[in-house]
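*Asks:* The structure is given below, and queries will be raised subsequently.
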Amino acid sequence: MSADQDLNRGGIVNAILESYSERGELAHLEGGDAPSRQAIWEIVEDLLRIVFPGFLDSSLPHAEEIRHWTAERVSSVERRLAAEIRRALRLSKDPSVDVEEGSRRAWDAAQLLLQAIPSVRDQIAKDIDAAFEGDPAATSVEEIILAYPGLQAIAVQRLAHILYLAEVSLVPRVMTEYAHSRTGIDIHPGAMIGSRFFIDHGTGVVIGETSRIGNDVKIYQGVTLGARSFPKDAEGQIVKGIKRHPNIEDQVTIYSGATILGNITIGAGSVIGGNVWLTSGVPPGTKIMIRPAQKMRFENHTDE
Amino acid sequence: MSADQDLNRGGIVNAILESYSERGELAHLEGGDAPSRQAIWEIVEDLLRIVFPGFLDSSLPHAEEIRHWTAERVSSVERRLAAEIRRALRLSKDPSVDVEEGSRRAWDAAQLLLQAIPSVRDQIAKDIDAAFEGDPAATSVEEIILAYPGLQAIAVQRLAHILYLAEVSLVPRVMTEYAHSRTGIDIHPGAMIGSRFFIDHGTGVVIGETSRIGNDVKIYQGVTLGARSFPKDAEGQIVKGIKRHPNIEDQVTIYSGATILGNITIGAGSVIGGNVWLTSGVPPGTKIMIRPAQKMRFENHTDE
Amino acid sequence: MSADQDLNRGGIVNAILESYSERGELAHLEGGDAPSRQAIWEIVEDLLRIVFPGFLDSSLPHAEEIRHWTAERVSSVERRLAAEIRRALRLSKDPSVDVEEGSRRAWDAAQLLLQAIPSVRDQIAKDIDAAFEGDPAATSVEEIILAYPGLQAIAVQRLAHILYLAEVSLVPRVMTEYAHSRTGIDIHPGAMIGSRFFIDHGTGVVIGETSRIGNDVKIYQGVTLGARSFPKDAEGQIVKGIKRHPNIEDQVTIYSGATILGNITIGAGSVIGGNVWLTSGVPPGTKIMIRPAQKMRFENHTDE
């Protein structure tokens, strides 16, 4: 390394610091006022350890230690989650919320999520049943917990959805993004999901914010439940918050690569075939499939 | 934090502990009786370090240290892998297996996998050749090892397949899920894969348990080799263990987004075009493509 | 563990060491002569921390510490990145480069990347604007930085592209593979990308090495910008380095699952519908969509 390079580095650091001032929206420097992705993702991992005790750690808790182990984890998650929620509230800059009020709301939301864990575990147990019954390759409950990414993504979404309903900003989205990063399954925390939901394989699945999914629905890899068009306001800005994603009724199966767009309803018991592109609703009991014959051209293959 | 919040937390912990008793299948608390995902994923990382020495660590082994380095890693992986296999055997609750017998079988299976590493490296070297010859963007063997997720997913599957053949439950599935999580490529450990297999890009690829893939097969992102239907028994339960996935003969190429379902055969040298949906077999030398003209509607674009 | 098993282990280690000699291309043992994936991925994480200060760490820098914090990170990244680039240069075995020259070139390339960070931050700020305007679910700049995988993948590619232009081998590809592994979005460092680029959801997106993308382009999950055919030379080897990927002009939108192949041009303002398969160019202002009616067959659904 030369003196020139040392000199250069000083200039580089100055230029980056200037960029932090000029592009302040990409920098959070005021001492802890932004939620941290890393912190939230570690909270999600600890929540999953509480939901599936003994499955995700290298060393497992013994039965006699379980009360102490649980109390420690719950207390730690509560404190860290409240801190992240408080930061998210501060960011949203609601002037009616003072520091003490914000702190109280953050603790309340964190406790709300922890209180919901037993009922979330009940829901997940039903999701596991659906996976076991829906996949001939599944051999045990343990396999589904340890090796089915769909279950992981659903579990994280069911937890994040509780904070979404409590109108906590930002934190639930960062939570589901943890699952997206690990599983390729992108379920918005706003989606309303019924009982016994099964996603097989799952890579590429997208389920949008205002989707509603009934009971006993089964979805394969690459399925999109998306928005179709985005109405704009008088100033040409996209209007946010409108119901714009599909409603999937009970006992619907959607095969890989199918795309369903818009605030439409797929009637109960319908089967949507693979690679179908659907922008209008269908009545209960409908089957939709691409006709294979129309898609193919057979020729003799010759080496090129 | 208030006294109320402290009180609440006690209630939360009690409710979670009750949920552990009621939903015991989602909790493994008896001191180490379930395999751990984290432990198995760390074993996979160490296996890959043994397979590709010097490529995956921040600090690389020197040539003179390589015997010691290898002996340490092999010994550590053997011990940890045997422990996870023993846990998986115990879970499967085969009453004919006593503790000592289970322990012996677990060590044997772990050694079987380690013994196979030289031949797996031979197979992987051929997979690398296929990637280099098949992708104009590939510039070196090192690039393929360091930056091609398909190679990683294939390497993990070739290792897991050895345990699958030895009828080890659960552990091989958790191994391939490691690769799925990192690459978006989901290959079941049961799939039988020939020589010189190349997966390019790979995100969204699914290869089911009973698939058979010949030599010199090339697959792109988003390809599914899946099951078509799941026969049910007299009680309405899906029958497990039937051959239900495709057979892909030698020198077949399958382009992105194609889906091939069922126990059908794609004849040697065939080319399956992108986004094709195929549920019946084709003879050798077949080309199948979506006819582009049929899929499109051209209009003038106007700003909305 | 028995004496037999100990004996076996010795044989296993010997066989693996023999395999390292025979399959030397899969082993890098000469004391640090190969770039390390782990080292490069950690460098990427630190680069992202410099680009988005305060967003990605568990503990955030205070404003008064920011000069020291930045100088330390810049200095550390410079040193580690130069080391990896030097290893990549050594691998490429250009005989005209001696050790000192290689070392100098590596430091220069590392400084080039760090110098570019302010302008990369400007580009990323525009990408964030495009995401905010393009997605009704986006509620804040912070949400886009913390929870939009598309932004992460674009940021890493914009950084890696600088090293690609400086003709650094291997390192930029390993950098973009970091993003691919975490987001399912595979953008080659060679791709040329204009301003205000938005990828929504993103899992399964593939953008090839010689793609050119204009300004204000919007892409959804599962979109491929790929190569169509690979010309071979007189010896039957694929010719490397040819322009073979699409050109996407300004203000084009490409919906999920669409595949665009070859060195073709999609004219400005065009809209490419979902699941479209396109191997020829289209003039500006074209809309292409699969006609839904042609793809479907409705039947009454009966329980099987």
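FYI, nothing fancy with the structure tokens labels: chains A, B, ... in order, residues from 1 per chain, ligands from 1 as they appear.
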Using DSSP assignments from the backbone, pull out every residue in region 133-261 of chain B that falls under strand (DSSP E) and give it to me as a list of chain:residue names.
*Replies:*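 Here is the list: B:Asp186, B:Ile187, B:Met192, B:Ile193, B:Phe198, B:Ile199, B:Asp200, B:Val206, B:Ile207, B:Arg212, B:Ile213, B:Lys218, B:Ile219, B:Tyr220, B:Thr224, B:Leu225, B:Gly226, B:Asn247, B:Ile248, B:Thr253, B:Ile254, B:Thr259, B:Ile260, B:Leu261.
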*Asks:* Produce a file of the selected residues containing N, CA, C and O atoms, as an mmCIF file, in the first residue's frame.
*Replies:*
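That gives us result.cif:
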```cif
data_model
loop_
_atom_site.group_PDB
_atom_site.id
_atom_site.type_symbol
_atom_site.label_atom_id
_atom_site.label_comp_id
_atom_site.auth_asym_id
_atom_site.auth_seq_id
_atom_site.Cartn_x
_atom_site.Cartn_y
_atom_site.Cartn_z
ATOM 1 N N ASP B 186 -34.717 -27.337 -5.290
ATOM 2 C CA ASP B 186 -35.270 -28.316 -4.367
ATOM 3 C C ASP B 186 -35.188 -29.701 -5.007
ATOM 4 O O ASP B 186 -36.072 -30.098 -5.753
ATOM 5 N N ILE B 187 -34.102 -30.419 -4.740
ATOM 6 C CA ILE B 187 -33.952 -31.780 -5.278
ATOM 7 C C ILE B 187 -34.117 -32.765 -4.133
ATOM 8 O O ILE B 187 -33.355 -32.729 -3.164
ATOM 9 N N MET B 192 -32.695 -40.072 -8.639
ATOM 10 C CA MET B 192 -31.514 -40.737 -9.206
ATOM 11 C C MET B 192 -30.989 -39.902 -10.366
ATOM 12 O O MET B 192 -31.690 -39.718 -11.353
ATOM 13 N N ILE B 193 -29.759 -39.444 -10.258
ATOM 14 C CA ILE B 193 -29.225 -38.466 -11.201
ATOM 15 C C ILE B 193 -27.960 -39.007 -11.863
ATOM 16 O O ILE B 193 -27.032 -39.439 -11.172
ATOM 17 N N PHE B 198 -26.302 -30.559 -15.362
ATOM 18 C CA PHE B 198 -26.100 -29.107 -15.262
ATOM 19 C C PHE B 198 -27.435 -28.407 -15.031
ATOM 20 O O PHE B 198 -28.376 -28.575 -15.800
ATOM 21 N N ILE B 199 -27.504 -27.632 -13.939
ATOM 22 C CA ILE B 199 -28.660 -26.761 -13.678
ATOM 23 C C ILE B 199 -28.158 -25.330 -13.751
ATOM 24 O O ILE B 199 -27.292 -24.934 -12.974
ATOM 25 N N ASP B 200 -28.666 -24.527 -14.686
ATOM 26 C CA ASP B 200 -28.228 -23.133 -14.785
ATOM 27 C C ASP B 200 -29.212 -22.220 -14.046
ATOM 28 O O ASP B 200 -30.418 -22.408 -14.136
ATOM 29 N N VAL B 206 -37.628 -27.809 -9.073
ATOM 30 C CA VAL B 206 -38.122 -28.841 -8.163
ATOM 31 C C VAL B 206 -37.946 -30.201 -8.840
ATOM 32 O O VAL B 206 -38.421 -30.390 -9.967
ATOM 33 N N ILE B 207 -37.261 -31.120 -8.180
ATOM 34 C CA ILE B 207 -37.056 -32.472 -8.717
ATOM 35 C C ILE B 207 -37.522 -33.463 -7.661
ATOM 36 O O ILE B 207 -36.941 -33.575 -6.581
ATOM 37 N N ARG B 212 -35.976 -39.977 -12.243
ATOM 38 C CA ARG B 212 -34.724 -40.565 -12.732
ATOM 39 C C ARG B 212 -34.206 -39.697 -13.866
ATOM 40 O O ARG B 212 -34.920 -39.448 -14.830
ATOM 41 N N ILE B 213 -32.954 -39.297 -13.755
ATOM 42 C CA ILE B 213 -32.355 -38.387 -14.727
ATOM 43 C C ILE B 213 -31.121 -39.065 -15.315
ATOM 44 O O ILE B 213 -30.255 -39.532 -14.561
ATOM 45 N N LYS B 218 -29.566 -31.169 -19.031
ATOM 46 C CA LYS B 218 -29.382 -29.751 -18.741
ATOM 47 C C LYS B 218 -30.731 -29.149 -18.405
ATOM 48 O O LYS B 218 -31.691 -29.320 -19.158
ATOM 49 N N ILE B 219 -30.809 -28.452 -17.280
ATOM 50 C CA ILE B 219 -32.088 -27.925 -16.801
ATOM 51 C C ILE B 219 -31.913 -26.456 -16.419
ATOM 52 O O ILE B 219 -30.895 -26.082 -15.837
ATOM 53 N N TYR B 220 -32.899 -25.631 -16.750
ATOM 54 C CA TYR B 220 -32.850 -24.206 -16.405
ATOM 55 C C TYR B 220 -33.778 -23.882 -15.232
ATOM 56 O O TYR B 220 -34.566 -24.720 -14.792
ATOM 57 N N THR B 224 -39.931 -27.902 -13.163
ATOM 58 C CA THR B 224 -40.466 -28.858 -12.200
ATOM 59 C C THR B 224 -40.514 -30.256 -12.797
ATOM 60 O O THR B 224 -41.046 -30.440 -13.888
ATOM 61 N N LEU B 225 -39.946 -31.225 -12.087
ATOM 62 C CA LEU B 225 -40.197 -32.644 -12.372
ATOM 63 C C LEU B 225 -41.035 -33.148 -11.207
ATOM 64 O O LEU B 225 -40.509 -33.468 -10.134
ATOM 65 N N GLY B 226 -42.349 -33.152 -11.407
ATOM 66 C CA GLY B 226 -43.245 -33.374 -10.274
ATOM 67 C C GLY B 226 -44.147 -34.579 -10.437
ATOM 68 O O GLY B 226 -44.069 -35.318 -11.420
ATOM 69 N N ASN B 247 -39.081 -39.751 -15.826
ATOM 70 C CA ASN B 247 -37.797 -40.307 -16.226
ATOM 71 C C ASN B 247 -37.265 -39.453 -17.376
ATOM 72 O O ASN B 247 -37.900 -39.358 -18.425
ATOM 73 N N ILE B 248 -36.105 -38.865 -17.179
ATOM 74 C CA ILE B 248 -35.506 -38.005 -18.197
ATOM 75 C C ILE B 248 -34.300 -38.760 -18.765
ATOM 76 O O ILE B 248 -33.343 -39.035 -18.041
ATOM 77 N N THR B 253 -32.563 -31.519 -22.797
ATOM 78 C CA THR B 253 -32.484 -30.151 -22.290
ATOM 79 C C THR B 253 -33.897 -29.661 -21.971
ATOM 80 O O THR B 253 -34.809 -29.839 -22.782
ATOM 81 N N ILE B 254 -34.068 -29.052 -20.795
ATOM 82 C CA ILE B 254 -35.389 -28.551 -20.393
ATOM 83 C C ILE B 254 -35.259 -27.076 -20.039
ATOM 84 O O ILE B 254 -34.523 -26.707 -19.121
ATOM 85 N N THR B 259 -42.752 -27.598 -16.952
ATOM 86 C CA THR B 259 -43.242 -28.470 -15.896
ATOM 87 C C THR B 259 -43.537 -29.835 -16.491
ATOM 88 O O THR B 259 -44.292 -29.933 -17.457
ATOM 89 N N ILE B 260 -42.961 -30.879 -15.930
ATOM 90 C CA ILE B 260 -43.143 -32.239 -16.423
ATOM 91 C C ILE B 260 -43.650 -33.070 -15.263
ATOM 92 O O ILE B 260 -42.997 -33.150 -14.225
ATOM 93 N N LEU B 261 -44.843 -33.648 -15.435
ATOM 94 C CA LEU B 261 -45.506 -34.289 -14.300
ATOM 95 C C LEU B 261 -45.830 -35.744 -14.568
ATOM 96 O O LEU B 261 -46.295 -36.092 -15.653
#
```
*Asks:* So that I can see what lies close to Ser140 (chain B), please list as a list in words the residues with an atom at most 9 Å from it, counting only C-alpha atoms and leaving out residues fewer than 4 positions away in the same chain.
*Replies:*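 The neighbour list is Phe132, Ile144 and Ile145 of chain B; Ser92 and Leu170 of chain C.
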*Asks:* Go ahead and write the selection's residues with all heavy atoms as a PDB file, in the first residue's frame.
*Replies:*
```
ATOM      1  N   PHE B 132     -19.253 -25.910 -17.487  1.00  0.00           N
ATOM      2  CA  PHE B 132     -18.315 -25.091 -18.252  1.00  0.00           C
ATOM      3  C   PHE B 132     -18.639 -25.151 -19.739  1.00  0.00           C
ATOM      4  O   PHE B 132     -18.611 -24.141 -20.444  1.00  0.00           O
ATOM      5  CB  PHE B 132     -16.875 -25.557 -18.003  1.00  0.00           C
ATOM      6  CG  PHE B 132     -15.865 -24.610 -18.560  1.00  0.00           C
ATOM      7  CD1 PHE B 132     -15.596 -23.407 -17.921  1.00  0.00           C
ATOM      8  CD2 PHE B 132     -15.195 -24.888 -19.743  1.00  0.00           C
ATOM      9  CE1 PHE B 132     -14.684 -22.509 -18.444  1.00  0.00           C
ATOM     10  CE2 PHE B 132     -14.276 -24.001 -20.276  1.00  0.00           C
ATOM     11  CZ  PHE B 132     -14.021 -22.805 -19.624  1.00  0.00           C
ATOM     12  N   ILE B 144     -17.284 -21.709 -11.301  1.00  0.00           N
ATOM     13  CA  ILE B 144     -18.406 -22.646 -11.179  1.00  0.00           C
ATOM     14  C   ILE B 144     -18.537 -23.143  -9.744  1.00  0.00           C
ATOM     15  O   ILE B 144     -19.634 -23.250  -9.201  1.00  0.00           O
ATOM     16  CB  ILE B 144     -18.251 -23.797 -12.193  1.00  0.00           C
ATOM     17  CG1 ILE B 144     -18.400 -23.225 -13.614  1.00  0.00           C
ATOM     18  CG2 ILE B 144     -19.272 -24.896 -11.953  1.00  0.00           C
ATOM     19  CD1 ILE B 144     -17.879 -24.118 -14.704  1.00  0.00           C
ATOM     20  N   ILE B 145     -17.407 -23.427  -9.102  1.00  0.00           N
ATOM     21  CA  ILE B 145     -17.469 -23.877  -7.706  1.00  0.00           C
ATOM     22  C   ILE B 145     -17.961 -22.757  -6.790  1.00  0.00           C
ATOM     23  O   ILE B 145     -18.770 -22.969  -5.889  1.00  0.00           O
ATOM     24  CB  ILE B 145     -16.088 -24.380  -7.227  1.00  0.00           C
ATOM     25  CG1 ILE B 145     -15.684 -25.626  -8.031  1.00  0.00           C
ATOM     26  CG2 ILE B 145     -16.096 -24.683  -5.725  1.00  0.00           C
ATOM     27  CD1 ILE B 145     -14.280 -26.125  -7.737  1.00  0.00           C
TER      28      ILE B 145
ATOM     29  N   SER C  92      -6.163 -16.204 -12.575  1.00  0.00           N
ATOM     30  CA  SER C  92      -6.350 -16.040 -14.018  1.00  0.00           C
ATOM     31  C   SER C  92      -5.024 -16.196 -14.752  1.00  0.00           C
ATOM     32  O   SER C  92      -4.996 -16.314 -15.973  1.00  0.00           O
ATOM     33  CB  SER C  92      -6.990 -14.684 -14.320  1.00  0.00           C
ATOM     34  OG  SER C  92      -6.078 -13.655 -13.992  1.00  0.00           O
ATOM     35  N   LEU C 170     -13.988 -13.099 -11.531  1.00  0.00           N
ATOM     36  CA  LEU C 170     -14.484 -13.950 -10.454  1.00  0.00           C
ATOM     37  C   LEU C 170     -15.147 -13.205  -9.286  1.00  0.00           C
ATOM     38  O   LEU C 170     -16.270 -13.521  -8.903  1.00  0.00           O
ATOM     39  CB  LEU C 170     -13.321 -14.800  -9.905  1.00  0.00           C
ATOM     40  CG  LEU C 170     -13.691 -16.096  -9.169  1.00  0.00           C
ATOM     41  CD1 LEU C 170     -14.709 -16.903  -9.935  1.00  0.00           C
ATOM     42  CD2 LEU C 170     -12.452 -16.919  -8.889  1.00  0.00           C
TER      43      LEU C 170
END
```
*Asks:* Find the distance between CA of Val51 (chain B) and CA of Thr183 (chain C) and write it in Å to one decimal.
*Replies:*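 Calculated distance between CA of Val51 (chain B) and CA of Thr183 (chain C) is 25.9 Å.
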*Asks:* Just the residues within 7 Å of Pro172 (chain B), please, counting only C-alpha atoms, with nothing from its chain fewer than 3 positions along; format it as a CSV table (one decimal) with all heavy atoms, in the first residue's frame.
*Replies:*
```csv
chain,number,residue,atom,x,y,z
B,160,ALA,N,-26.5,-36.5,0.0
B,160,ALA,CA,-27.7,-36.9,0.7
B,160,ALA,C,-28.2,-38.2,0.2
B,160,ALA,O,-28.8,-39.0,0.9
B,160,ALA,CB,-28.7,-35.8,0.7
B,161,HIS,N,-28.1,-38.4,-1.1
B,161,HIS,CA,-28.6,-39.6,-1.8
B,161,HIS,C,-28.0,-40.8,-1.2
B,161,HIS,O,-28.7,-41.9,-1.2
B,161,HIS,CB,-28.3,-39.5,-3.3
B,161,HIS,CG,-28.9,-40.6,-4.1
B,161,HIS,ND1,-30.3,-40.8,-4.2
B,161,HIS,CD2,-28.3,-41.5,-5.0
B,161,HIS,CE1,-30.5,-41.8,-5.0
B,161,HIS,NE2,-29.3,-42.3,-5.5
B,163,LEU,N,-27.1,-41.4,1.9
B,163,LEU,CA,-27.9,-41.7,3.1
B,163,LEU,C,-29.3,-42.2,2.8
B,163,LEU,O,-29.8,-43.1,3.5
B,163,LEU,CB,-27.9,-40.5,4.1
B,163,LEU,CG,-26.6,-40.0,4.6
B,163,LEU,CD1,-26.8,-38.9,5.6
B,163,LEU,CD2,-25.9,-41.2,5.4
B,164,TYR,N,-29.9,-41.6,1.8
B,164,TYR,CA,-31.2,-42.1,1.4
B,164,TYR,C,-31.2,-43.5,1.0
B,164,TYR,O,-32.1,-44.3,1.4
B,164,TYR,CB,-31.7,-41.2,0.2
B,164,TYR,CG,-33.1,-41.5,-0.3
B,164,TYR,CD1,-34.2,-40.9,0.2
B,164,TYR,CD2,-33.2,-42.5,-1.4
B,164,TYR,CE1,-35.5,-41.3,-0.3
B,164,TYR,CE2,-34.5,-42.8,-1.9
B,164,TYR,CZ,-35.6,-42.2,-1.4
B,164,TYR,OH,-36.8,-42.5,-1.8
B,169,SER,N,-33.6,-42.1,7.7
B,169,SER,CA,-34.8,-41.3,7.5
B,169,SER,C,-34.4,-39.8,7.9
B,169,SER,O,-33.4,-39.6,8.6
B,169,SER,CB,-35.9,-41.7,8.4
B,169,SER,OG,-35.5,-41.7,9.8
B,175,MET,N,-30.8,-32.3,4.8
B,175,MET,CA,-29.6,-31.9,4.1
B,175,MET,C,-29.9,-31.2,2.7
B,175,MET,O,-29.4,-30.1,2.4
B,175,MET,CB,-28.7,-33.1,3.7
B,175,MET,CG,-28.0,-33.7,5.0
B,175,MET,SD,-27.1,-35.3,4.6
B,175,MET,CE,-25.8,-34.6,3.5
B,176,THR,N,-30.8,-31.8,2.0
B,176,THR,CA,-31.2,-31.1,0.7
B,176,THR,C,-31.9,-29.8,0.9
B,176,THR,O,-31.8,-28.9,0.1
B,176,THR,CB,-32.0,-32.0,-0.3
B,176,THR,OG1,-33.2,-32.5,0.4
B,176,THR,CG2,-31.2,-33.2,-0.7
B,189,PRO,N,-33.7,-36.0,-2.0
B,189,PRO,CA,-32.5,-36.9,-1.9
B,189,PRO,C,-32.8,-38.3,-2.6
B,189,PRO,O,-31.8,-39.0,-2.9
B,189,PRO,CB,-32.3,-37.1,-0.4
B,189,PRO,CG,-33.5,-36.6,0.3
B,189,PRO,CD,-34.1,-35.6,-0.6
```
*Asks:* When you get a sec, could you note down which chain A residues fall within 7 Å of chain C, using only C-alpha atoms, as a ChimeraX atom specification?
*Replies:* /A:12-13,15-16,19,26-32,34,36-39,170,173-174,177,181-182,184,204,237-241,270,277-278,285-291
*Asks:* What does the distance from CA of Gly281 (chain B) to CA of Val217 (chain A) come to in Å, to one decimal?
*Replies:*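 Separation of CA of Gly281 (chain B) and CA of Val217 (chain A): 29.5 Å.
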*Asks:* I need the residues in region 20-157 of chain C that are helix (DSSP H, G or I) according to DSSP; give them as a PyMOL selection string.
*Replies:* chain C and resi 20-22+24-26+37-51+63-92+99-115+117-134+141-147+149-157
